[in-house]
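Undergrad: Submitted below is the structure of interest, expressed as C-alpha cells.
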Amino acid sequence: MILRRGDDTIAAFTPHGLRVVDALRSAGCHVTLISEPLSPMRVRRRYRGGASVGEVLVAGAPAFAIVVAALVLLWALTELLAG
C-alpha cells in the first residue's frame, strides 16, 4: 500500500488483509487496488518514491549473488584445469 499526496509518497507498506483498504475507503479516500504483487523495482517505476533505493538493491541481491557465485566457480575451474 502506498499513501500519496499529489505526486509525493507519504508512506509505503504491505497491509495484512483488506481492512485497511476498507477503512480508507470509508473515510473517503480514493483507493486504487492492484491485485498482483509488485517487486520494488516495478513499484519504483510505477509510483515515484514508492520504494527506497535500499529496497531495490536488496531485491536485486539474489541475482547478483548468483552471478558472483558463477564467476567464482568459473575462476576456480579455470585455475584447477590450467594448473
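Please note that chains go A, B, ... in the order of the C-alpha cells, that every chain numbers its residues from 1, and that ligands are numbered from 1 in the order shown.
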Excluding same-chain residues fewer than 5 positions from Ala59 of chain A, what lies within 10 Å of it counting only C-alpha atoms, as an MDAnalysis selection string?

TA: chainID A and resid 39:41 53:54 64

Undergrad: Report as a ChimeraX atom specification all protein, DNA and RNA residues lying within 12 Å of Tyr47 of chain A, evaluated on only C-alpha atoms, omitting residues in the same chain fewer than 6 positions from it.

TA: /A:1-12,38-41

Undergrad: Looking only at helix (DSSP H, G or I) from DSSP on the backbone, list the matching residues of segment 6-72 of chain A as a PyMOL selection string.

TA: chain A and resi 19-26+40-46+53-72

Undergrad: DSSP says strand (DSSP E or B) for which residues of chain A? Put them as a list of chain:residue names?

TA: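 So, restricting chain A to strand (DSSP E or B), we get A:Ile2, A:Leu3, A:Arg4, A:Arg5, A:Asp8, A:Thr9, A:Ile10, A:Ala11, A:Ala12.
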
Undergrad: Residues of the last selection are to be written out with all heavy atoms, as a tab-separated table (two decimals), in the first residue's frame.

TA:
```
chain	number	residue	atom	x	y	z
A	2	ILE	N	0.57	2.15	-0.84
A	2	ILE	CA	1.33	3.40	-0.93
A	2	ILE	C	0.36	4.54	-0.68
A	2	ILE	O	-0.64	4.67	-1.37
A	2	ILE	CB	1.98	3.56	-2.32
A	2	ILE	CG1	2.91	2.39	-2.60
A	2	ILE	CG2	2.72	4.88	-2.41
A	2	ILE	CD1	3.45	2.36	-4.00
A	3	LEU	N	0.65	5.33	0.33
A	3	LEU	CA	-0.16	6.51	0.63
A	3	LEU	C	0.52	7.70	-0.02
A	3	LEU	O	1.68	7.96	0.21
A	3	LEU	CB	-0.27	6.72	2.14
A	3	LEU	CG	-0.89	5.58	2.93
A	3	LEU	CD1	-0.89	5.90	4.41
A	3	LEU	CD2	-2.30	5.30	2.44
A	4	ARG	N	-0.24	8.40	-0.86
A	4	ARG	CA	0.32	9.50	-1.62
A	4	ARG	C	-0.50	10.77	-1.41
A	4	ARG	O	-1.69	10.71	-1.20
A	4	ARG	CB	0.34	9.16	-3.11
A	4	ARG	CG	1.14	7.91	-3.41
A	4	ARG	CD	1.09	7.53	-4.88
A	4	ARG	NE	1.61	8.54	-5.77
A	4	ARG	CZ	2.90	8.74	-6.02
A	4	ARG	NH1	3.79	8.01	-5.42
A	4	ARG	NH2	3.28	9.66	-6.85
A	5	ARG	N	0.17	11.90	-1.51
A	5	ARG	CA	-0.48	13.21	-1.53
A	5	ARG	C	0.09	13.93	-2.74
A	5	ARG	O	1.27	14.24	-2.78
A	5	ARG	CB	-0.19	13.99	-0.26
A	5	ARG	CG	-0.87	15.36	-0.29
A	5	ARG	CD	-0.61	16.19	0.94
A	5	ARG	NE	-1.22	15.56	2.09
A	5	ARG	CZ	-0.65	15.50	3.30
A	5	ARG	NH1	0.54	16.02	3.49
A	5	ARG	NH2	-1.27	14.94	4.30
A	8	ASP	N	3.74	13.10	-4.21
A	8	ASP	CA	4.66	12.68	-3.15
A	8	ASP	C	4.15	11.43	-2.44
A	8	ASP	O	2.96	11.28	-2.21
A	8	ASP	CB	4.83	13.79	-2.12
A	8	ASP	CG	5.50	15.01	-2.70
A	8	ASP	OD1	6.32	14.85	-3.63
A	8	ASP	OD2	5.20	16.13	-2.24
A	9	THR	N	5.07	10.55	-2.09
A	9	THR	CA	4.73	9.35	-1.32
A	9	THR	C	4.86	9.70	0.15
A	9	THR	O	5.90	10.18	0.60
A	9	THR	CB	5.66	8.19	-1.68
A	9	THR	OG1	5.46	7.86	-3.05
A	9	THR	CG2	5.36	6.97	-0.82
A	10	ILE	N	3.81	9.44	0.90
A	10	ILE	CA	3.81	9.71	2.34
A	10	ILE	C	4.31	8.48	3.09
A	10	ILE	O	5.12	8.58	3.99
A	10	ILE	CB	2.41	10.11	2.82
A	10	ILE	CG1	1.97	11.39	2.11
A	10	ILE	CG2	2.37	10.28	4.32
A	10	ILE	CD1	0.51	11.73	2.31
A	11	ALA	N	3.77	7.31	2.73
A	11	ALA	CA	4.17	6.06	3.38
A	11	ALA	C	3.93	4.91	2.42
A	11	ALA	O	3.07	4.99	1.55
A	11	ALA	CB	3.37	5.85	4.67
A	12	ALA	N	4.69	3.83	2.59
A	12	ALA	CA	4.51	2.62	1.79
A	12	ALA	C	4.67	1.43	2.71
A	12	ALA	O	5.62	1.37	3.49
A	12	ALA	CB	5.53	2.57	0.66
```

Undergrad: Report, in Å to a single decimal, how far apart atom CA of Val43 of chain A and atom CA of Gly60 of chain A are.

TA: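 That distance, rounded to one decimal, is 13.7 Å.
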
Undergrad: Given the choices A:Trp75, A:Arg45, A:Pro37, A:Ser52, which gets closest to Thr14 of chain A if the distance is worked out from only C-alpha atoms?

TA: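 With only C-alpha atoms as the atom set, the closest residue is A:Pro37.
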
Undergrad: When you draw a straight line from atom CA of Ala69 of chain A to atom CA of Ala51 of chain A, how long is it in Å?

TA: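 Separation between atom CA of Ala69 of chain A and atom CA of Ala51 of chain A: 27.4 Å.
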
Undergrad: Can you tell me, as a ChimeraX atom specification, what residues are no more than 8 Å from Val31 of chain A when counting only C-alpha atoms, ignoring any on the same chain fewer than 4 positions away?

TA: /A:21,24-25

Undergrad: Go ahead and save the residues from that selection, with C-alpha atoms, as a CSV table (one decimal), in the first residue's frame.

TA:
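Output file result05.csv follows:
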```csv
chain,number,residue,atom,x,y,z
A,21,VAL,CA,-8.2,-0.6,2.4
A,24,LEU,CA,-9.5,4.2,3.9
A,25,ARG,CA,-12.4,3.9,1.5
```
